[in-house]
Structure formats: structure tokens, C-alpha cells
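Q: So that you have it, the file is query.cif, and it contains mmCIF, N, CA and C atoms:
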```
data_entry
loop_
_atom_site.label_atom_id
_atom_site.label_comp_id
_atom_site.auth_asym_id
_atom_site.auth_seq_id
_atom_site.Cartn_x
_atom_site.Cartn_y
_atom_site.Cartn_z
N MET A 642 -76.58 101.81 -41.01
CA MET A 642 -75.71 101.77 -39.86
C MET A 642 -75.54 103.19 -39.34
N THR A 643 -75.72 103.39 -38.07
CA THR A 643 -75.55 104.71 -37.48
C THR A 643 -74.10 104.94 -37.14
N ALA A 644 -73.75 106.19 -36.98
CA ALA A 644 -72.36 106.53 -36.67
C ALA A 644 -71.93 105.91 -35.35
N SER A 645 -72.84 105.80 -34.40
CA SER A 645 -72.46 105.26 -33.10
C SER A 645 -72.19 103.77 -33.14
N SER A 646 -72.71 103.06 -34.14
CA SER A 646 -72.47 101.62 -34.21
C SER A 646 -71.28 101.27 -35.10
N GLN A 647 -70.66 102.26 -35.71
CA GLN A 647 -69.51 102.01 -36.56
C GLN A 647 -68.26 101.87 -35.72
N THR A 648 -67.31 101.06 -36.22
CA THR A 648 -66.04 100.89 -35.54
C THR A 648 -65.18 102.12 -35.76
N LYS A 649 -64.56 102.63 -34.70
CA LYS A 649 -63.65 103.76 -34.81
C LYS A 649 -62.23 103.24 -34.70
N TYR A 650 -61.46 103.47 -35.73
CA TYR A 650 -60.06 103.08 -35.69
C TYR A 650 -59.24 104.24 -35.17
N THR A 651 -58.24 103.95 -34.42
CA THR A 651 -57.27 104.92 -34.01
C THR A 651 -55.95 104.44 -34.58
N LEU A 652 -55.33 105.27 -35.38
CA LEU A 652 -54.11 104.86 -36.06
C LEU A 652 -53.04 104.52 -35.05
N GLN A 653 -52.55 103.30 -35.11
CA GLN A 653 -51.48 102.85 -34.24
C GLN A 653 -50.15 103.23 -34.89
N LEU A 654 -49.29 103.87 -34.13
CA LEU A 654 -47.97 104.25 -34.63
C LEU A 654 -46.97 103.17 -34.26
N VAL A 655 -46.27 102.65 -35.27
CA VAL A 655 -45.34 101.55 -35.10
C VAL A 655 -43.93 102.07 -35.38
N ALA A 656 -43.03 101.86 -34.44
CA ALA A 656 -41.64 102.26 -34.64
C ALA A 656 -41.04 101.38 -35.74
N ASN A 657 -40.14 101.95 -36.50
CA ASN A 657 -39.53 101.23 -37.62
C ASN A 657 -38.94 99.91 -37.17
N GLU A 658 -38.26 99.89 -36.05
CA GLU A 658 -37.62 98.65 -35.58
C GLU A 658 -38.63 97.61 -35.08
N ASP A 659 -39.86 98.02 -34.82
CA ASP A 659 -40.88 97.08 -34.35
C ASP A 659 -41.71 96.48 -35.49
N HIS A 660 -41.54 97.00 -36.70
CA HIS A 660 -42.25 96.46 -37.86
C HIS A 660 -41.51 95.23 -38.36
N VAL A 661 -42.16 94.07 -38.27
CA VAL A 661 -41.52 92.82 -38.64
C VAL A 661 -42.29 92.18 -39.80
N ASP A 662 -41.55 91.78 -40.81
CA ASP A 662 -42.13 91.00 -41.90
C ASP A 662 -41.45 89.63 -41.85
N ASP A 663 -42.08 88.71 -41.13
CA ASP A 663 -41.48 87.40 -40.92
C ASP A 663 -42.08 86.32 -41.82
N GLY A 664 -42.77 86.73 -42.87
CA GLY A 664 -43.34 85.75 -43.80
C GLY A 664 -44.65 85.14 -43.33
N ASP A 665 -45.27 85.72 -42.33
CA ASP A 665 -46.54 85.21 -41.82
C ASP A 665 -47.57 85.17 -42.96
N PRO A 666 -48.20 84.02 -43.19
CA PRO A 666 -49.16 83.91 -44.30
C PRO A 666 -50.43 84.75 -44.10
N LYS A 667 -50.65 85.27 -42.89
CA LYS A 667 -51.83 86.11 -42.64
C LYS A 667 -51.53 87.59 -42.87
N VAL A 668 -50.30 87.87 -43.31
CA VAL A 668 -49.88 89.23 -43.62
C VAL A 668 -49.59 89.30 -45.12
N MET A 669 -50.21 90.28 -45.77
CA MET A 669 -50.04 90.43 -47.21
C MET A 669 -49.43 91.79 -47.52
N GLN A 670 -48.43 91.79 -48.40
CA GLN A 670 -47.87 93.04 -48.90
C GLN A 670 -48.51 93.27 -50.27
N LEU A 671 -49.11 94.44 -50.42
CA LEU A 671 -49.77 94.78 -51.68
C LEU A 671 -48.99 95.92 -52.33
N ALA A 672 -48.46 95.67 -53.52
CA ALA A 672 -47.71 96.70 -54.24
C ALA A 672 -48.63 97.89 -54.50
N ASN A 673 -48.07 99.09 -54.54
CA ASN A 673 -48.92 100.27 -54.67
C ASN A 673 -49.53 100.42 -56.06
N ASP A 674 -49.16 99.59 -57.01
CA ASP A 674 -49.80 99.62 -58.32
C ASP A 674 -50.74 98.43 -58.54
N ALA A 675 -50.99 97.66 -57.47
CA ALA A 675 -51.89 96.50 -57.55
C ALA A 675 -53.33 96.92 -57.28
N ASP A 676 -54.26 96.20 -57.89
CA ASP A 676 -55.69 96.46 -57.71
C ASP A 676 -56.20 95.68 -56.50
N PRO A 677 -56.65 96.35 -55.44
CA PRO A 677 -57.16 95.64 -54.27
C PRO A 677 -58.35 94.74 -54.58
N LEU A 678 -59.11 95.07 -55.59
CA LEU A 678 -60.28 94.25 -55.95
C LEU A 678 -59.85 92.87 -56.42
N ALA A 679 -58.62 92.73 -56.90
CA ALA A 679 -58.13 91.45 -57.39
C ALA A 679 -57.83 90.47 -56.25
N ILE A 680 -57.72 90.95 -55.02
CA ILE A 680 -57.41 90.06 -53.89
C ILE A 680 -58.62 89.77 -53.02
N GLU A 681 -59.79 90.18 -53.47
CA GLU A 681 -61.00 90.03 -52.66
C GLU A 681 -61.23 88.61 -52.20
N VAL A 682 -60.94 87.62 -53.05
CA VAL A 682 -61.23 86.22 -52.72
C VAL A 682 -60.39 85.69 -51.57
N CYS A 683 -59.24 86.29 -51.29
CA CYS A 683 -58.38 85.76 -50.22
C CYS A 683 -58.38 86.61 -48.96
N LEU A 684 -59.21 87.65 -48.89
CA LEU A 684 -59.19 88.55 -47.73
C LEU A 684 -59.61 87.88 -46.43
N ALA A 685 -60.43 86.84 -46.50
CA ALA A 685 -60.89 86.17 -45.27
C ALA A 685 -59.74 85.54 -44.49
N ASP A 686 -58.65 85.22 -45.18
CA ASP A 686 -57.50 84.57 -44.54
C ASP A 686 -56.40 85.56 -44.14
N VAL A 687 -56.63 86.84 -44.33
CA VAL A 687 -55.61 87.85 -44.10
C VAL A 687 -55.97 88.68 -42.87
N GLU A 688 -54.98 88.90 -42.00
CA GLU A 688 -55.18 89.73 -40.81
C GLU A 688 -54.59 91.13 -40.96
N ARG A 689 -53.55 91.25 -41.80
CA ARG A 689 -52.92 92.55 -42.01
C ARG A 689 -52.50 92.69 -43.46
N ILE A 690 -52.71 93.89 -44.00
CA ILE A 690 -52.25 94.21 -45.35
C ILE A 690 -51.32 95.41 -45.25
N ASP A 691 -50.09 95.24 -45.74
CA ASP A 691 -49.12 96.32 -45.76
C ASP A 691 -49.21 97.02 -47.10
N LEU A 692 -49.47 98.33 -47.07
CA LEU A 692 -49.52 99.14 -48.28
C LEU A 692 -48.32 100.08 -48.26
N ASN A 693 -47.60 100.12 -49.36
CA ASN A 693 -46.33 100.84 -49.40
C ASN A 693 -46.46 102.21 -50.05
N PHE A 694 -45.82 103.19 -49.42
CA PHE A 694 -45.63 104.51 -49.99
C PHE A 694 -44.17 104.57 -50.43
N PRO A 695 -43.87 104.31 -51.71
CA PRO A 695 -42.46 104.31 -52.13
C PRO A 695 -41.81 105.68 -51.99
N LYS A 696 -42.61 106.74 -52.12
CA LYS A 696 -42.18 108.11 -51.83
C LYS A 696 -43.43 108.88 -51.41
N PHE A 697 -43.26 109.91 -50.61
CA PHE A 697 -44.41 110.58 -50.01
C PHE A 697 -45.33 111.21 -51.06
N THR A 698 -44.84 111.47 -52.25
CA THR A 698 -45.67 112.08 -53.29
C THR A 698 -46.53 111.06 -54.03
N ASP A 699 -46.37 109.79 -53.76
CA ASP A 699 -47.15 108.74 -54.42
C ASP A 699 -48.29 108.32 -53.49
N GLY A 700 -49.51 108.76 -53.81
CA GLY A 700 -50.64 108.54 -52.92
C GLY A 700 -51.55 107.39 -53.29
N ARG A 701 -51.11 106.49 -54.15
CA ARG A 701 -51.99 105.38 -54.56
C ARG A 701 -52.41 104.49 -53.40
N ALA A 702 -51.60 104.39 -52.37
CA ALA A 702 -51.96 103.55 -51.23
C ALA A 702 -53.18 104.09 -50.48
N TYR A 703 -53.42 105.40 -50.54
CA TYR A 703 -54.64 105.96 -49.94
C TYR A 703 -55.87 105.35 -50.62
N SER A 704 -55.86 105.32 -51.93
CA SER A 704 -56.99 104.75 -52.67
C SER A 704 -57.14 103.27 -52.38
N GLN A 705 -56.03 102.55 -52.29
CA GLN A 705 -56.09 101.13 -51.98
C GLN A 705 -56.73 100.90 -50.61
N ALA A 706 -56.30 101.67 -49.61
CA ALA A 706 -56.85 101.52 -48.26
C ALA A 706 -58.34 101.80 -48.25
N PHE A 707 -58.75 102.86 -48.93
CA PHE A 707 -60.17 103.22 -48.98
C PHE A 707 -60.99 102.11 -49.63
N LEU A 708 -60.50 101.55 -50.72
CA LEU A 708 -61.22 100.44 -51.38
C LEU A 708 -61.30 99.21 -50.48
N LEU A 709 -60.20 98.91 -49.81
CA LEU A 709 -60.21 97.75 -48.91
C LEU A 709 -61.23 97.92 -47.79
N ARG A 710 -61.31 99.10 -47.19
CA ARG A 710 -62.25 99.32 -46.08
C ARG A 710 -63.69 99.45 -46.57
N ARG A 711 -63.92 100.33 -47.53
CA ARG A 711 -65.30 100.67 -47.90
C ARG A 711 -65.93 99.68 -48.86
N ARG A 712 -65.24 99.34 -49.91
CA ARG A 712 -65.85 98.48 -50.92
C ARG A 712 -65.74 97.01 -50.57
N LEU A 713 -64.59 96.61 -50.01
CA LEU A 713 -64.39 95.20 -49.72
C LEU A 713 -64.67 94.85 -48.26
N GLY A 714 -64.86 95.84 -47.41
CA GLY A 714 -65.22 95.58 -46.01
C GLY A 714 -64.13 94.91 -45.19
N PHE A 715 -62.87 95.09 -45.55
CA PHE A 715 -61.77 94.48 -44.80
C PHE A 715 -61.70 95.07 -43.41
N ARG A 716 -61.70 94.22 -42.39
CA ARG A 716 -61.71 94.66 -40.98
C ARG A 716 -60.36 94.51 -40.29
N GLY A 717 -59.39 93.91 -40.97
CA GLY A 717 -58.08 93.71 -40.36
C GLY A 717 -57.24 94.97 -40.35
N ASP A 718 -55.98 94.80 -40.03
CA ASP A 718 -55.03 95.91 -39.96
C ASP A 718 -54.56 96.28 -41.36
N ILE A 719 -54.70 97.55 -41.72
CA ILE A 719 -54.11 98.08 -42.95
C ILE A 719 -52.98 98.98 -42.50
N ARG A 720 -51.75 98.59 -42.87
CA ARG A 720 -50.55 99.26 -42.36
C ARG A 720 -49.84 100.04 -43.47
N ALA A 721 -49.53 101.30 -43.18
CA ALA A 721 -48.75 102.14 -44.09
C ALA A 721 -47.27 101.90 -43.83
N THR A 722 -46.54 101.62 -44.90
CA THR A 722 -45.10 101.41 -44.81
C THR A 722 -44.41 102.29 -45.85
N GLY A 723 -43.11 102.39 -45.73
CA GLY A 723 -42.35 103.15 -46.72
C GLY A 723 -42.10 104.58 -46.27
N ASP A 724 -42.28 105.52 -47.20
CA ASP A 724 -41.99 106.92 -46.94
C ASP A 724 -43.19 107.59 -46.27
N VAL A 725 -43.38 107.27 -44.99
CA VAL A 725 -44.51 107.76 -44.20
C VAL A 725 -44.07 109.00 -43.43
N LEU A 726 -44.73 110.12 -43.72
CA LEU A 726 -44.43 111.38 -43.02
C LEU A 726 -45.52 111.66 -42.00
N ILE A 727 -45.17 112.34 -40.91
CA ILE A 727 -46.17 112.55 -39.86
C ILE A 727 -47.31 113.44 -40.31
N ASP A 728 -47.09 114.32 -41.27
CA ASP A 728 -48.19 115.17 -41.70
C ASP A 728 -49.20 114.43 -42.58
N GLN A 729 -48.94 113.19 -42.90
CA GLN A 729 -49.87 112.36 -43.68
C GLN A 729 -50.72 111.44 -42.80
N LEU A 730 -50.41 111.35 -41.53
CA LEU A 730 -51.04 110.35 -40.66
C LEU A 730 -52.55 110.54 -40.53
N VAL A 731 -53.02 111.76 -40.39
CA VAL A 731 -54.45 111.99 -40.23
C VAL A 731 -55.20 111.53 -41.48
N GLN A 732 -54.68 111.88 -42.65
CA GLN A 732 -55.32 111.45 -43.89
C GLN A 732 -55.25 109.93 -44.05
N MET A 733 -54.19 109.32 -43.59
CA MET A 733 -54.09 107.86 -43.63
C MET A 733 -55.21 107.23 -42.83
N GLU A 734 -55.41 107.72 -41.62
CA GLU A 734 -56.48 107.17 -40.79
C GLU A 734 -57.84 107.38 -41.45
N ARG A 735 -58.06 108.55 -42.02
CA ARG A 735 -59.37 108.85 -42.64
C ARG A 735 -59.65 107.99 -43.87
N THR A 736 -58.61 107.51 -44.53
CA THR A 736 -58.82 106.68 -45.71
C THR A 736 -58.82 105.19 -45.40
N GLY A 737 -58.63 104.82 -44.12
CA GLY A 737 -58.78 103.42 -43.75
C GLY A 737 -57.59 102.74 -43.13
N PHE A 738 -56.45 103.40 -43.07
CA PHE A 738 -55.29 102.78 -42.42
C PHE A 738 -55.54 102.66 -40.93
N SER A 739 -55.04 101.57 -40.33
CA SER A 739 -55.17 101.39 -38.89
C SER A 739 -53.82 101.42 -38.19
N SER A 740 -52.72 101.35 -38.95
CA SER A 740 -51.39 101.48 -38.36
C SER A 740 -50.44 102.06 -39.41
N ALA A 741 -49.37 102.65 -38.91
CA ALA A 741 -48.36 103.25 -39.80
C ALA A 741 -46.99 103.05 -39.18
N VAL A 742 -46.04 102.67 -40.00
CA VAL A 742 -44.66 102.49 -39.56
C VAL A 742 -43.93 103.81 -39.72
N LEU A 743 -43.49 104.35 -38.60
CA LEU A 743 -42.76 105.62 -38.62
C LEU A 743 -41.33 105.40 -39.10
N LYS A 744 -40.83 106.36 -39.85
CA LYS A 744 -39.46 106.28 -40.31
C LYS A 744 -38.52 106.34 -39.11
N GLU A 745 -37.36 105.76 -39.27
CA GLU A 745 -36.37 105.76 -38.21
C GLU A 745 -36.05 107.19 -37.79
N GLY A 746 -36.05 107.43 -36.47
CA GLY A 746 -35.73 108.74 -35.94
C GLY A 746 -36.92 109.66 -35.76
N VAL A 747 -38.12 109.25 -36.18
CA VAL A 747 -39.30 110.09 -36.02
C VAL A 747 -39.83 109.95 -34.61
N ASP A 748 -40.09 111.06 -33.97
CA ASP A 748 -40.60 111.09 -32.61
C ASP A 748 -42.10 110.79 -32.61
N ALA A 749 -42.50 109.72 -31.94
CA ALA A 749 -43.91 109.32 -31.91
C ALA A 749 -44.80 110.38 -31.28
N SER A 750 -44.28 111.14 -30.31
CA SER A 750 -45.11 112.18 -29.69
C SER A 750 -45.39 113.31 -30.68
N ALA A 751 -44.43 113.63 -31.54
CA ALA A 751 -44.66 114.63 -32.58
C ALA A 751 -45.71 114.13 -33.56
N ALA A 752 -45.65 112.87 -33.87
CA ALA A 752 -46.65 112.28 -34.77
C ALA A 752 -48.03 112.31 -34.13
N GLN A 753 -48.12 112.01 -32.85
CA GLN A 753 -49.40 112.00 -32.15
C GLN A 753 -50.04 113.38 -32.11
N ARG A 754 -49.23 114.42 -32.06
CA ARG A 754 -49.76 115.79 -32.03
C ARG A 754 -50.57 116.12 -33.29
N GLN A 755 -50.30 115.44 -34.39
CA GLN A 755 -51.08 115.66 -35.61
C GLN A 755 -52.56 115.40 -35.36
N PHE A 756 -52.87 114.38 -34.58
CA PHE A 756 -54.26 114.03 -34.31
C PHE A 756 -54.92 115.03 -33.38
N GLU A 757 -54.15 115.66 -32.52
CA GLU A 757 -54.68 116.70 -31.65
C GLU A 757 -54.99 117.97 -32.44
N ARG A 758 -54.20 118.24 -33.46
CA ARG A 758 -54.42 119.43 -34.29
C ARG A 758 -55.70 119.33 -35.11
N PHE A 759 -56.00 118.13 -35.57
CA PHE A 759 -57.15 117.90 -36.44
C PHE A 759 -58.07 116.88 -35.76
N SER A 760 -58.86 117.34 -34.84
CA SER A 760 -59.65 116.42 -34.02
C SER A 760 -61.03 116.10 -34.59
N GLY A 761 -61.49 116.83 -35.60
CA GLY A 761 -62.80 116.55 -36.16
C GLY A 761 -62.92 117.04 -37.58
N PHE A 762 -63.88 116.48 -38.32
CA PHE A 762 -64.07 116.81 -39.72
C PHE A 762 -65.56 116.87 -40.03
N TYR A 763 -65.92 117.69 -40.98
CA TYR A 763 -67.32 117.75 -41.41
C TYR A 763 -67.67 116.57 -42.31
N GLN A 764 -66.75 116.16 -43.15
CA GLN A 764 -67.01 115.09 -44.11
C GLN A 764 -66.93 113.71 -43.46
N GLY A 765 -67.60 112.75 -44.08
CA GLY A 765 -67.43 111.37 -43.68
C GLY A 765 -66.08 110.87 -44.19
N ASP A 766 -65.70 109.67 -43.75
CA ASP A 766 -64.45 109.08 -44.22
C ASP A 766 -64.62 107.58 -44.37
N ALA A 767 -63.53 106.85 -44.47
CA ALA A 767 -63.60 105.41 -44.70
C ALA A 767 -64.25 104.67 -43.54
N ILE A 768 -64.16 105.19 -42.36
CA ILE A 768 -64.71 104.52 -41.17
C ILE A 768 -66.08 105.09 -40.81
N HIS A 769 -66.15 106.40 -40.67
CA HIS A 769 -67.42 107.07 -40.34
C HIS A 769 -67.95 107.70 -41.62
N THR A 770 -68.83 107.02 -42.31
CA THR A 770 -69.26 107.46 -43.64
C THR A 770 -70.20 108.64 -43.62
N ALA A 771 -70.95 108.82 -42.55
CA ALA A 771 -71.92 109.93 -42.48
C ALA A 771 -71.18 111.24 -42.19
N PRO A 772 -71.61 112.33 -42.79
CA PRO A 772 -71.00 113.61 -42.46
C PRO A 772 -71.30 114.00 -41.01
N HIS A 773 -70.46 114.84 -40.44
CA HIS A 773 -70.59 115.23 -39.03
C HIS A 773 -71.97 115.80 -38.71
N PHE A 774 -72.51 116.61 -39.60
CA PHE A 774 -73.79 117.26 -39.32
C PHE A 774 -74.98 116.30 -39.38
N ALA A 775 -74.77 115.06 -39.86
CA ALA A 775 -75.85 114.10 -39.96
C ALA A 775 -75.96 113.21 -38.74
N THR A 776 -75.02 113.32 -37.80
CA THR A 776 -75.04 112.44 -36.62
C THR A 776 -75.72 113.09 -35.45
#
```
Translate this structure into C-alpha cells?
A:
Amino acid sequence: MTASSQTKYTLQLVANEDHVDDGDPKVMQLANDADPLAIEVCLADVERIDLNFPKFTDGRAYSQAFLLRRRLGFRGDIRATGDVLIDQLVQMERTGFSSAVLKEGVDASAAQRQFERFSGFYQGDAIHTAPHFAT
């Protein structure tokens, strides 16, 4: 697959009050200590997976997102919830997250500036696997 034929995700920023967990069966909450490989059989019925950051220093959800995108090929929404800081958003997108719930009071424009600061990378990531110099 060439870089031009790969899907490019742009991390969607979700205000805390707009994040709804209404028990929709197509939305799955995955605990940050759960193995994503264990849910492979039910991924076809899931549209969104919420991965929780219980505190900003706990990065297990990054690994979960990467496994879901790269190894399991999940194409739905992977949403970061919990203690989400704006300086983590770029890394979230690079590891496979497609949306993130901002903490109450966080300015979305300040969060968006993170993506302007870091507009390109040499390494591949969860979405664009080829390194920049190979494209």
C-alpha cells in the first residue's frame, strides 16, 4: 500500500459536554489494562472504541490504539477519554486515535495549535506506516 492510498485521520476534538455514553451497543469501552487482541472477534460490530487515560502518566491506551489500528485493522473511531492533555494530542493521533475528549475548560483552539506546531514527522506511524523519506 502506498502512502497516498492510506487513510489519513485527523484527530477530532470533542468537548467534554458533547461526549455521550448512552449505552449504544456499537460503542465499546476498553479498560486500559485490557488486551485489545481479546476483542478481535467482535470488532466488526463496533463503530467506536473508547480508551481511557485514568491519569496522564498512564500511557497504556497508546499501545491499545496502535494495536487496534495496525494489527487488528480497526477502521472505526478510537476515542481518548479521561485525563487527556493537549500536549498529548499529536502523539494520540500518531498512535491511531481518531478523536479525543477534551477536559472541561480546555480551549479547543489551543489544542488545535498543537497540530500546527508539529506538522510533519520522519517516522511512520499507525496510519502512515512508511517513513517520510520513502514517499
Q: Quick one: residues within 8 Å of Leu730 (chain A), only N, CA and C atoms, excluding same-chain residues fewer than 4 positions away - as a list in words?
A: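 Returned residues: Leu652, Val725, Leu726, Glu734, Arg735, Thr736, Ala741, Ala752, Gln755 and Phe756 of chain A.
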Q: Per residue of region 733-752 of chain A within 8 Å of region 694-716 of chain A, note the shortest atom pair and the distance in Å to one decimal, counting only C-alpha atoms, and order the rows by chain and increasing residue number, as JSON lines.
A:
```
{"residue": "A:Met733", "atom": "CA", "partner": "A:Tyr703", "partner_atom": "CA", "distance": 6.6}
{"residue": "A:Thr736", "atom": "CA", "partner": "A:Phe707", "partner_atom": "CA", "distance": 4.9}
{"residue": "A:Gly737", "atom": "CA", "partner": "A:Ala706", "partner_atom": "CA", "distance": 5.3}
{"residue": "A:Phe738", "atom": "CA", "partner": "A:Ala706", "partner_atom": "CA", "distance": 6.2}
```
Q: I'd like the residues picked by the PyMOL selection byres ((chain A and resi 686-693) around 5) written out as a VMD selection string, using the chain letters and numbers from the file.
A: chain A and resid 667 to 671 683 to 685 694 to 695 717 to 722
Q: Residues at most 8 Å from region 656-663 of chain A, counting only C-alpha atoms, excluding those fewer than 4 positions away in the same chain, as a ChimeraX atom specification?
A: /A:742-745,749
Q: Could you please take those selected residues and save N, CA and C atoms as a PDB file, keeping the file's coordinate frame?
A:
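Saved as part-v3.pdb:
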```pdb
ATOM      1  N   VAL A 742     -46.040 102.670 -40.000  1.00  0.00           N
ATOM      2  CA  VAL A 742     -44.660 102.490 -39.560  1.00  0.00           C
ATOM      3  C   VAL A 742     -43.930 103.810 -39.720  1.00  0.00           C
ATOM      4  N   LEU A 743     -43.490 104.350 -38.600  1.00  0.00           N
ATOM      5  CA  LEU A 743     -42.760 105.620 -38.620  1.00  0.00           C
ATOM      6  C   LEU A 743     -41.330 105.400 -39.100  1.00  0.00           C
ATOM      7  N   LYS A 744     -40.830 106.360 -39.850  1.00  0.00           N
ATOM      8  CA  LYS A 744     -39.460 106.280 -40.310  1.00  0.00           C
ATOM      9  C   LYS A 744     -38.520 106.340 -39.110  1.00  0.00           C
ATOM     10  N   GLU A 745     -37.360 105.760 -39.270  1.00  0.00           N
ATOM     11  CA  GLU A 745     -36.370 105.760 -38.210  1.00  0.00           C
ATOM     12  C   GLU A 745     -36.050 107.190 -37.790  1.00  0.00           C
ATOM     13  N   ALA A 749     -42.500 109.720 -31.940  1.00  0.00           N
ATOM     14  CA  ALA A 749     -43.910 109.320 -31.910  1.00  0.00           C
ATOM     15  C   ALA A 749     -44.800 110.380 -31.280  1.00  0.00           C
TER      16      ALA A 749
END
```
Q: Which of region 651-771 of chain A end up as alpha helix (DSSP H) when DSSP is run on this backbone - answer as a PyMOL selection string?
A: chain A and resi 701-707+730-736+749-758
Q: Any idea what the distance is between atom N of Asp724 (chain A) and atom N of Arg754 (chain A)?
A: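 Answer for the atom N of Asp724 (chain A) to atom N of Arg754 (chain A) separation: 18.9 Å.
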Q: In Å to one decimal, how far is atom C of Asp728 (chain A) from atom N of Asp674 (chain A)?
A: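 These atoms are spaced 20.7 Å apart.
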Q: Quick one: distance from CA of Gly664 (chain A) to CA of Ile727 (chain A) in Å, one decimal?
A: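 Between these atoms lies a distance of 27.2 Å.
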Q: Missing atoms in region 713-726 of chain A should be modelled up to N, CA, C and O atoms and reported as a compact mmCIF listing (two decimals), keeping the file's coordinate frame.
A:
```txt
# COMPACT_ATOMS: atom_id res chain seq x y z
N LEU A 713 -64.59 96.61 -50.01
CA LEU A 713 -64.39 95.20 -49.72
C LEU A 713 -64.67 94.85 -48.26
O LEU A 713 -64.70 93.68 -47.91
N GLY A 714 -64.86 95.84 -47.41
CA GLY A 714 -65.22 95.58 -46.01
C GLY A 714 -64.13 94.91 -45.19
O GLY A 714 -64.43 94.24 -44.20
N PHE A 715 -62.87 95.09 -45.55
CA PHE A 715 -61.77 94.48 -44.80
C PHE A 715 -61.70 95.07 -43.41
O PHE A 715 -61.67 96.28 -43.22
N ARG A 716 -61.70 94.22 -42.39
CA ARG A 716 -61.71 94.66 -40.98
C ARG A 716 -60.36 94.51 -40.29
O ARG A 716 -60.20 94.92 -39.15
N GLY A 717 -59.39 93.91 -40.97
CA GLY A 717 -58.08 93.71 -40.36
C GLY A 717 -57.24 94.97 -40.35
O GLY A 717 -57.72 96.07 -40.64
N ASP A 718 -55.98 94.80 -40.03
CA ASP A 718 -55.03 95.91 -39.96
C ASP A 718 -54.56 96.28 -41.36
O ASP A 718 -54.10 95.42 -42.11
N ILE A 719 -54.70 97.55 -41.72
CA ILE A 719 -54.11 98.08 -42.95
C ILE A 719 -52.98 98.98 -42.50
O ILE A 719 -53.19 99.98 -41.82
N ARG A 720 -51.75 98.59 -42.87
CA ARG A 720 -50.55 99.26 -42.36
C ARG A 720 -49.84 100.04 -43.47
O ARG A 720 -49.55 99.51 -44.53
N ALA A 721 -49.53 101.30 -43.18
CA ALA A 721 -48.75 102.14 -44.09
C ALA A 721 -47.27 101.90 -43.83
O ALA A 721 -46.81 101.95 -42.69
N THR A 722 -46.54 101.62 -44.90
CA THR A 722 -45.10 101.41 -44.81
C THR A 722 -44.41 102.29 -45.85
O THR A 722 -45.05 102.84 -46.73
N GLY A 723 -43.11 102.39 -45.73
CA GLY A 723 -42.35 103.15 -46.72
C GLY A 723 -42.10 104.58 -46.27
O GLY A 723 -41.81 104.84 -45.10
N ASP A 724 -42.28 105.52 -47.20
CA ASP A 724 -41.99 106.92 -46.94
C ASP A 724 -43.19 107.59 -46.27
O ASP A 724 -43.92 108.36 -46.87
N VAL A 725 -43.38 107.27 -44.99
CA VAL A 725 -44.51 107.76 -44.20
C VAL A 725 -44.07 109.00 -43.43
O VAL A 725 -43.16 108.94 -42.61
N LEU A 726 -44.73 110.12 -43.72
CA LEU A 726 -44.43 111.38 -43.02
C LEU A 726 -45.52 111.66 -42.00
O LEU A 726 -46.68 111.30 -42.20
```
